[in-house]
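Asks: Sharing a structure with you now.
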Amino acid sequence: MDEFVQSLVRGLGTGSIYSLLALGFVIIYKSTQVISFAQPAFMLAGAVLVSYLAPATGFFGAVALAAVVIAFLALGVERTVLRPMVGKPVFVVAIITIGVDVVVRVVTNAFIGLDVRQVGDPWGLNTVPLLGVDVQERYLVMFATTAVVTAALFAFFRYSRVGLAMRAVSYDQEVALAQGISVGSVFALSWALAGGLAALAGVFVATGAGVDQQLWIVALKALPAIILGGLESLGGAVIGGLAVGVIESLFGTYQGDVAPWLGPNFALVAPYALMLLVLLVRPYGLFGKREVERL
Amino acid sequence: MRGRPELYTSYAQDMAFLNTRPKRVSTGALLVVALLLPFMITDDLLQLLATGYVAAIGAIGLNIVTGYAGQVSLGHAFFLAIGAYTGAALSGDPDGRVIGFGVTSLPVWVLASGLVAALAGVIVAPLAVRLRGLYLAIVTLGLVFLGDHVFREWTELTGGPGVGRPAAVPELLGVRLDKDGAFLTGAQKLYLVMFVLLVIFGVLARNLVRSRVGRAFAAVRDRDLAASVIGVDLTKYKVLAFAISSFYAGVAGALLFVPNGFFDPGSFSLLLSVQYIAMVLIGGAGTISGAIMGALFITLLPRITRELPAVLPFISGDATGTFTVFQLEAVLYGVLLIVFLIVEPRGLFGIWVRVRNYWRTWPFSY
């Protein structure tokens with residue numbers, strides 16, 4: 001039972017990281033109909049930036065600063081590289097974001113070097129008792145932060161003027177333009193939001209083990225999450241992210257005993273296997289919108 | 001019609017394999033140059049070119065499914081891996097450390113690798129029938145991760161990560177192609193074999209895409225709903241596109257590591273898929289010659305960047321400096337992808353078409 005609670009908490013903790021990343025993917029997708037493969041690079045850049053800033057400004061100041069800087073970086077990328085491609089096939093734009101990812105990541109890697117950098121978080125691997133079971137503090141912090149951020153985002157989209165504009169653009173770009181909404185700034189804002197979320201996620205990934213050059217792989221786990229939840233659904237992204245985290249963690253704990261023939265480390269690819277299964281049954285994910293086609 | 005080579009009087013003439021005289025002449029000249037190259041340049045360069053030709057076969061395959069049939073696949077590395085392991089296992093040493101069956105005849109294991117990979121393609125294809133666009137891209141990306149896991153864990157076949165296994169053994173009519181012989185060195189023989197294979201598969205692909213099947217692919221790519229309304233069987237052609245593409249990938253995978261003689265499961269990561277996407281897009285999506293140009297360009301790119309430190313002293317040639325050639329190389333993939341897609345979406349092929357059209361009417365601009 002202890003083991004189960006521990007893996008559940010670990011799953012929800014890492015799952016909240018995937019949720020943050022998945023929210024970024026979905027925000028960009030909803031406004032521009034493109035999946036941005038540049039998210040892993042922004043996540044890595046955010047974590048590295050915090051590892052440099054933390055000694056000077058303290059951990060929390062560094063996180064806030066890094067989220068803002070990465071948001072502006074993402075905004076700049078959107079403005080210079082993605083804006084000329086508006087109206088081009090989405091596949092081409094997606095491939096461009098792969099190019100952006102490679103460039104940003106190589107530059108970031110130069111700042112990491114070969115050793116592991118610490119982000120200087122106050123939690124480390126400390127544990128606290130929860131329901132009589134020792135669980136790591138950082139997972140609880142991740143979960144709580146993600147809950148707050150998600151609630152703030154939903155309130156933003158639901159009640160603010162800009163959030164309304166973003167929803168309008170995702171519904172119909174031309175009509176939104178006709179209502180006087182600047183579609184271009186909505187694109188830029190959604191990239192900035194996604195960049196900030198990615199930076200925050202990057203910091204969380206780096207708590208405990210630190211930042212190395214392989215950190216970016218984690219961000220790709222958000223892809224099964226958004227596919228599970230459905231590309232158009234913000235709520236789906238959060239639920240998908242948590243589901244992916246929990247499944248990965250439970251597989252990590254129990255698969256060795258239940259199904260050893262799958263090989264060790266199967267937990268790392270379990271989300272992709274789950275994604276394939278779900279898509280065979282529901283091709284638009286759990287909460288995705290079924291596309292209506294007209295000729 | 002004598003003296004008017006560009007006047008077509010029938011559809012067949014227009015669709016002919018090499019429809020103009022300049023095309024016939026330049027293709028012939030290219031063939032002759034490529035066949036003479038092994039006797040003019042050094043062995044290490046030949047080896048690189050041979051790898052480039054194999055990559056071109058793989059890129060043609062990806063181009064068939066992505067460039068012609070419009071089904072975005074980030075899973076090409078998976079099919080390359082299946083081909084590589086089928087070829088290596090079939091031709092491997094039966095008494096060796098890893099699985100081997102000792103069938104060393106090159107045509108046999110090349111075809112077998114292609115067929116096994118094609119089978120994998122047919123198994124994956126139903127996903128493509130149900131999914132569209134970016135959903136498909138992410139699912140095929142998941143395939144790469146799942147394949148990577150299987151190949152890492154199945155050490156009897158692959159030798160395990162970091163250890164690897166010997167690549168397929170190339171033997172044709174009892175002659176080992178990778179060992180120096182009486183007349184030709186190993187590199188020269190491999191180069192010639194790879195070149196002949198590239199020509200064969202290139203011609204096959206070119207013929208496929210100008211046939212009924214190719215037109216069906218283009219219809220599916222441009223608007224699959226419209227295609228199905230005019231009677232194109234979507235399921236059939238999507239499965240067919242994946243099968244053919246995977247066949248090419250399997251063939252390329254089996255041959256890819258022959259010049260090096262060794263490979264490990266870490267080779268088939270997402271990066272390999274992205275490289276093939278880069279080949280197709282930088283070369284020019286939806287053209288066979290573009291895929292070949294792109295593949296050669298991407299394969300030769302590391303070689304070119306290695307030469308740069310001599311010209312630009314601020315780039316460091318070893319792995320220690322602040323700005324190394326390895327970083328430059330990695331950045332160049334990204335930058336080239338971005339620049340080509342924004343500035344010249346038709347890729348190297350598009351540049352060639354513009355150059356050709358300029359000189360065709362030179363000195364007039366029309």
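Labels used: A, B, ... for chains in the order of the structure tokens, numbers from 1 for residues in each chain, and numbers from 1 for ligands as shown.
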Residues of chain A were defined as contacting chain B if any atom lay at most 7 Å from it, counting only C-alpha atoms; please report them as a list of chain:residue names.
Replies: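 The contacting residues on chain A are A:Met85, A:Phe91, A:Ile96, A:Gly99, A:Val100, A:Val102, A:Val103, A:Val106, A:Leu223, A:Gly263, A:Val269, A:Tyr272, A:Leu276, A:Leu280, A:Pro283, A:Leu295.
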Asks: Quick one: residues within 9 Å of Val93 in chain A, only C-alpha atoms counted, chain neighbours fewer than 4 positions away excluded, as a ChimeraX atom specification?
Replies: /A:34-36,82,85-86,88-89,97-98 /B:341
Asks: Using only C-alpha atoms, which residues sit within 7 Å of Phe242 in chain B once same-chain residues fewer than 4 positions away are excluded, as a list in words?
Replies: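 Counting only the stated atoms, we get Val65, Gly121, Val122, Ala125, Lys238 and Ser246 of chain B.
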Asks: Check the DSSP output for the backbone and give back, as number ranges by chain, the residues of range 70-263 of chain A in strand (DSSP E or B).
Replies: A: 117, 127-130, 133-136, 211
Asks: When you look at range 83-91 of chain B with a cut-off of 8 Å (counting only C-alpha atoms), what residues show up, excluding the ones that are within fewer than 3 positions of it in the same chain? I need them as a VMD selection string.
Replies: chain B and resid 79 to 80 98 to 105 109 to 110 112 to 114 116 to 117 157 to 158 166 to 169 249 to 257
Asks: To one decimal place in Å, what is the distance between CA of Arg24 in chain B and CA of Glu6 in chain B?
Replies: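 Spanning CA of Arg24 in chain B to CA of Glu6 in chain B is a straight-line distance of 13.0 Å.
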Asks: Can you tell me which residues surround Pro107 in chain B at a distance of at most 10 Å, considering only C-alpha atoms, apart from same-chain residues fewer than 6 positions away, and format the answer as a count of residues only?
Replies: 5
Asks: CA of Gly92 in chain B to CA of Pro264 in chain A: how many Å, to one decimal?
Replies: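 Distance reported for this atom pair: 26.7 Å.
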Asks: Find the residue from B:Leu308, B:Val355, B:Ala187, B:Val203 that sits nearest to Ile41 in chain B; use only C-alpha atoms when measuring.
Replies: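 For Ile41 in chain B, the nearest of the given residues is B:Ala187.
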Asks: Given only C-alpha atoms as the basis, pick out the residue of A:Ala188, A:Ala147, A:Ala168, A:Met275 nearest to Thr80 in chain A.
Replies: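 Of A:Ala188, A:Ala147, A:Ala168, A:Met275, the one nearest Thr80 in chain A is A:Ala188, counting only C-alpha atoms.
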